[in-house]
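*Asks:* This is target.txt (compact mmCIF, C-alpha atoms).
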```txt
# COMPACT_ATOMS: atom_id res chain seq x y z
CA MET A 1 28.95 30.16 11.75
CA LYS A 2 26.59 32.31 13.79
CA GLY A 3 23.75 33.59 11.65
CA GLY A 4 24.67 31.25 8.75
CA PRO A 5 22.37 28.99 6.70
CA VAL A 6 22.31 26.20 9.30
CA ASP A 7 21.16 28.69 11.94
CA GLY A 8 18.46 29.76 9.48
CA ILE A 9 17.25 26.18 9.12
CA THR A 10 16.83 25.94 12.89
CA SER A 11 14.03 28.52 12.60
CA PHE A 12 11.95 25.63 11.19
CA LEU A 13 12.43 23.44 14.29
CA GLY A 14 9.14 21.92 15.39
CA GLN A 15 7.47 22.79 12.09
CA GLU A 16 6.46 20.60 9.15
CA VAL A 17 8.85 21.09 6.26
CA GLU A 18 9.41 19.82 2.74
CA ILE A 19 12.90 18.74 1.74
CA GLU A 20 14.39 17.92 -1.64
CA ILE A 21 17.41 15.65 -1.50
CA SER A 22 19.76 14.19 -4.10
CA GLY A 23 18.09 12.14 -6.82
CA LYS A 24 15.03 14.41 -6.97
CA THR A 25 13.66 12.74 -3.86
CA PHE A 26 11.17 14.67 -1.72
CA ILE A 27 10.58 14.11 1.99
CA SER A 28 8.25 15.93 4.34
CA GLY A 29 7.86 15.87 8.11
CA ILE A 30 8.47 17.72 11.35
CA LEU A 31 12.00 19.08 11.72
CA ILE A 32 13.23 17.62 15.01
CA ASP A 33 16.91 18.58 15.14
CA VAL A 34 19.64 20.26 13.08
CA GLY A 35 23.39 19.71 13.37
CA LEU A 36 26.26 21.13 11.36
CA ASP A 37 26.09 18.27 8.86
CA ILE A 38 22.83 16.38 9.54
CA LEU A 39 19.17 17.00 10.27
CA VAL A 40 16.41 14.86 11.76
CA ILE A 41 12.86 14.64 10.38
CA TYR A 42 9.81 12.86 11.80
CA ASP A 43 7.57 11.87 8.87
CA GLY A 44 4.60 10.78 10.99
CA LYS A 45 5.81 7.19 11.37
CA GLN A 46 9.58 7.21 11.82
CA TYR A 47 12.65 9.40 12.23
CA LEU A 48 14.83 10.08 9.19
CA TYR A 49 18.44 11.15 9.68
CA ILE A 50 19.52 13.09 6.57
CA PRO A 51 23.12 14.21 5.96
CA LEU A 52 23.07 17.86 4.89
CA ILE A 53 25.36 17.09 1.95
CA HIS A 54 22.30 15.64 0.19
CA VAL A 55 19.84 18.39 1.11
CA HIS A 56 19.12 20.58 -1.92
CA CYS A 57 16.21 22.62 -0.56
CA ILE A 58 14.14 22.94 2.61
CA LYS A 59 11.00 24.99 3.07
CA GLU A 60 7.95 25.16 5.32
CA LYS A 61 5.12 22.80 4.37
CA LEU A 62 2.00 24.89 3.87
CA GLU A 63 -0.55 22.06 4.18
CA LYS A 64 0.16 20.31 7.46
CA GLU A 65 -0.45 16.54 7.63
CA ILE A 66 1.06 15.31 10.92
CA THR A 67 -1.26 15.62 13.89
CA GLU A 68 0.48 13.46 16.52
CA ASP A 69 3.51 14.48 18.59
CA PRO A 70 6.73 12.65 17.64
CA PRO A 71 7.59 9.84 20.10
CA ASP A 72 10.94 9.89 21.90
CA THR A 73 11.32 6.13 21.77
CA LEU A 74 12.68 5.98 18.22
CA LEU A 75 15.36 8.64 18.57
CA ILE A 76 18.86 7.22 18.16
CA PHE A 77 20.00 9.43 21.02
CA ASN A 78 18.72 12.49 22.82
CA GLU A 79 21.46 14.72 24.20
CA SER A 80 21.86 18.39 24.94
CA GLU A 81 25.03 18.54 22.81
CA PRO A 82 24.68 19.35 19.09
CA ILE A 83 24.30 16.27 16.90
CA SER A 84 26.62 15.42 14.03
CA TYR A 85 26.60 12.86 11.24
CA ARG A 86 29.56 10.90 12.64
CA LYS A 87 28.28 11.00 16.21
CA THR A 88 24.88 9.72 15.07
CA LEU A 89 26.48 6.86 13.12
CA ASN A 90 28.52 5.87 16.17
CA HIS A 91 25.44 5.96 18.41
CA SER A 92 23.65 3.76 15.84
CA LYS A 93 26.12 0.87 16.02
CA GLY A 94 24.32 -2.37 16.76
CA GLN A 95 20.86 -0.84 16.28
CA PHE A 96 18.69 -2.12 13.43
CA LEU A 97 18.46 0.47 10.67
CA GLU A 98 17.08 0.97 7.20
CA LEU A 99 19.68 2.87 5.21
CA PHE A 100 19.03 4.49 1.82
CA ILE A 101 21.97 4.69 -0.54
CA THR A 102 21.10 4.77 -4.21
CA GLY A 103 17.86 5.60 -6.01
CA ASN A 104 14.98 4.04 -4.10
CA ARG A 105 17.11 1.12 -2.91
CA SER A 106 17.61 0.60 0.79
CA ILE A 107 19.57 -1.88 2.85
CA HIS A 108 18.53 -3.30 6.23
CA GLY A 109 20.80 -4.29 9.09
CA TYR A 110 23.16 -2.54 11.47
CA ILE A 111 26.46 -0.66 11.58
CA THR A 112 29.42 -2.51 13.06
CA SER A 113 32.21 0.06 12.47
CA VAL A 114 32.57 3.73 11.56
CA LEU A 115 35.83 4.64 9.80
CA ASN A 116 37.13 7.89 8.27
CA ASP A 117 34.88 8.04 5.21
CA TYR A 118 32.93 4.76 5.20
CA ILE A 119 30.96 2.48 7.46
CA VAL A 120 30.90 -1.29 7.81
CA PHE A 121 27.29 -2.52 7.69
CA TYR A 122 26.00 -6.02 8.41
CA SER A 123 22.97 -7.03 6.33
CA PRO A 124 21.09 -10.34 6.60
CA VAL A 125 20.94 -10.35 2.77
CA TYR A 126 24.30 -8.93 1.66
CA LYS A 127 26.31 -9.81 4.80
CA THR A 128 29.24 -7.42 5.32
CA VAL A 129 28.91 -4.26 3.18
CA PHE A 130 31.27 -1.31 3.00
CA ILE A 131 29.32 1.92 2.44
CA SER A 132 30.77 5.31 1.52
CA MET A 133 29.55 7.88 4.05
CA GLN A 134 29.17 10.55 1.39
CA HIS A 135 26.56 8.44 -0.45
CA VAL A 136 24.23 7.74 2.47
CA LYS A 137 21.07 9.72 1.66
CA TRP A 138 19.28 9.00 4.92
CA PHE A 139 18.79 6.30 7.52
CA THR A 140 16.06 5.48 9.97
CA PRO A 141 16.02 3.29 13.09
CA TYR A 142 13.65 0.36 13.44
CA SER A 143 11.11 0.23 16.23
CA HIS A 144 12.61 -1.76 19.10
CA GLN A 145 9.88 -4.36 18.53
CA LEU A 146 10.85 -4.96 14.89
CA THR A 147 13.76 -6.68 13.19
CA PRO A 148 14.67 -6.90 9.47
CA TYR A 149 12.46 -9.42 7.66
CA THR A 150 10.93 -10.33 11.07
CA LEU A 151 13.93 -12.56 11.71
CA GLU A 152 14.57 -13.73 15.25
CA ASN A 153 17.34 -11.95 17.16
CA LYS A 154 19.26 -15.23 17.31
CA ASP A 155 19.39 -15.13 13.50
CA LEU A 156 20.80 -11.58 13.55
CA PRO A 157 23.96 -11.76 15.63
CA VAL A 158 26.16 -8.69 15.57
CA VAL A 159 28.91 -10.01 13.33
CA PRO A 160 32.12 -8.00 13.68
CA THR A 161 34.50 -8.16 10.76
CA ASN A 162 37.27 -10.63 11.42
CA PHE A 163 39.81 -8.84 9.24
CA PRO A 164 41.71 -5.56 9.68
CA LEU A 165 39.94 -2.44 8.42
CA ALA A 166 41.71 0.39 6.62
CA ARG A 167 40.85 3.93 7.71
CA SER A 168 39.67 5.02 4.23
CA PHE A 169 37.20 3.49 1.77
CA GLU A 170 39.74 3.46 -1.07
CA GLU A 171 42.44 1.79 1.02
CA GLN A 172 39.95 -0.86 2.11
CA LEU A 173 39.09 -1.64 -1.53
CA LYS A 174 42.79 -2.05 -2.36
CA LYS A 175 42.82 -5.00 0.03
CA TYR A 176 40.46 -6.78 -2.39
CA GLU A 177 42.52 -6.53 -5.55
CA GLY A 178 42.32 -9.94 -7.23
CA LYS A 179 38.95 -10.68 -5.59
CA LEU A 180 35.41 -10.81 -6.95
CA LEU A 181 33.33 -7.88 -5.63
CA VAL A 182 29.84 -6.44 -6.11
CA PHE A 183 29.47 -2.66 -6.24
CA ASP A 184 26.29 -0.65 -5.65
CA LEU A 185 24.31 -3.76 -4.66
CA GLY A 186 24.81 -5.32 -8.12
CA ASP A 187 22.15 -3.31 -10.00
CA ASN A 188 24.52 -2.85 -12.94
CA PRO A 189 26.25 -5.97 -14.36
CA ASP A 190 29.24 -3.79 -15.18
CA LYS A 191 29.68 -3.23 -11.43
CA VAL A 192 30.16 -6.92 -10.64
CA GLY A 193 33.55 -8.38 -11.35
CA LEU A 194 37.13 -9.18 -10.49
CA VAL A 195 39.01 -6.17 -9.13
CA LYS A 196 42.26 -5.89 -11.05
CA GLN A 197 43.49 -2.63 -9.60
CA VAL A 198 42.47 0.35 -7.45
CA SER A 199 44.68 3.33 -8.19
CA ASN A 200 44.41 7.11 -8.56
CA ASN A 201 40.65 7.06 -7.80
CA ILE A 202 40.01 4.53 -10.59
CA ILE A 203 38.80 0.94 -10.16
CA GLU A 204 39.60 -1.59 -12.90
CA LEU A 205 37.09 -4.44 -13.09
CA ILE A 206 36.88 -7.57 -15.22
CA THR A 207 33.19 -8.41 -15.72
CA ALA A 208 31.60 -11.86 -16.17
CA ASN A 209 32.14 -11.81 -19.95
CA GLY A 210 35.81 -10.87 -19.57
CA GLN A 211 35.34 -7.23 -20.50
CA LYS A 212 37.59 -4.67 -18.84
CA VAL A 213 35.68 -1.76 -17.24
CA PHE A 214 37.04 1.30 -15.47
CA TRP A 215 34.99 3.09 -12.83
CA LYS A 216 35.73 6.33 -11.06
CA PHE A 217 36.06 5.49 -7.39
CA ILE A 218 34.15 8.52 -6.09
CA HIS A 219 30.92 7.25 -7.69
CA MET A 220 31.00 3.87 -5.95
CA LYS A 221 28.50 3.81 -3.08
CA THR A 222 28.72 0.30 -1.64
CA VAL A 223 30.79 -2.83 -2.05
CA HIS A 224 30.33 -6.36 -0.77
CA ILE A 225 31.74 -9.82 -1.38
CA PRO A 226 29.27 -12.11 -3.21
```
Translate the structure of the given file into structure tokens.
*Replies:*
Amino acid sequence: MKGGPVDGITSFLGQEVEIEISGKTFISGILIDVGLDILVIYDGKQYLYIPLIHVHCIKEKLEKEITEDPPDTLLIFNESEPISYRKTLNHSKGQFLELFITGNRSIHGYITSVLNDYIVFYSPVYKTVFISMQHVKWFTPYSHQLTPYTLENKDLPVVPTNFPLARSFEEQLKKYEGKLLVFDLGDNPDKVGLVKQVSNNIIELITANGQKVFWKFIHMKTVHIP
């Protein structure tokens, strides 16, 4: 909407700003671009793509710290058209990324597919991971000279999923009923178990000790097969 809050944020373009995002995380850098649902920050070393859904506050940084001009080489894409979260994810496919999801945890690898409300991400550590788009806090592209864990490119083939993908995150999880899954990168032992049922936004898990646990689907950020 003309004159709305997003238009107000654009008044900070080219300036150093401070941003608070979900989880009481604070980021500062030069505001490079603003779309309807995403913004781009250069923190002095790399570009951070931050979905606006996680932005709590943005303000001008009074004590400037960045003295060098941002390089163009690390931008995911540079077009005259307005950027968007989904467009940026699609442009990122096959490019090495660091993606922050929960707390201070990040996952390294690349996007192979972008669906309605989740992405399919290939990680050298976790292999194929399904990630809810609403829980991505920010992501940043690697320098073209770097790869995750300094692995050789031959060790990081783009591995497309060899099974059909559902359009929604919940429908994809229903395909794994009766299978052992790891949610949210396995930080919580109650989020590792056999999926009994996915129904009405609730996931029923059986944990390692046989305990039955119910999780609300909306709070699940990632899932992968161990």
*Asks:* For atom CA of A:Ser84 and atom CA of A:Asp72, determine how far apart the two atoms are, in Å to one decimal place.
*Replies:* 18.4 Å
*Asks:* Distance atom CA of A:His91-atom CA of A:Ile111, one decimal place?
*Replies:*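 Here the two named atoms are 9.6 Å from each other.
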*Asks:* Would you mind telling me which residue in A:Lys221, A:Leu151, A:Leu180, A:Glu18 lies nearest to A:Leu205 when using all atoms listed in the file?
*Replies:* A:Leu180
*Asks:* With only C-alpha atoms as the counted atoms, please give the residues lying no more than 7 Å from stretch 50-66 of chain A, apart from itself and same-chain residues fewer than 5 positions off, as a list in words.
*Replies:*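 Near neighbours after the sequence-gap exclusion: Glu16, Val17, Glu18, Ile19, Glu20, Ile21, Ser22, Asp37, Ile38, Leu39, Val40, Gly44, Tyr85, Lys137, Trp138 and Phe139 of chain A.
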*Asks:* I'd like the neighbourhood of A:Asp117 as a list of chain:residue names, where a residue qualifies if any of its atoms comes within 12 Å (using all atoms listed in the file), though same-chain residues fewer than 3 positions away should be ignored.
*Replies:*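 Neighbouring residues, sequence-local ones excluded: A:Tyr85, A:Arg86, A:Leu89, A:Ser113, A:Val114, A:Val120, A:Phe130, A:Ile131, A:Ser132, A:Met133, A:Gln134, A:His135, A:Val136, A:Ala166, A:Arg167, A:Ser168, A:Phe169, A:Glu170, A:Glu171, A:Gln172, A:Ile218, A:Lys221.
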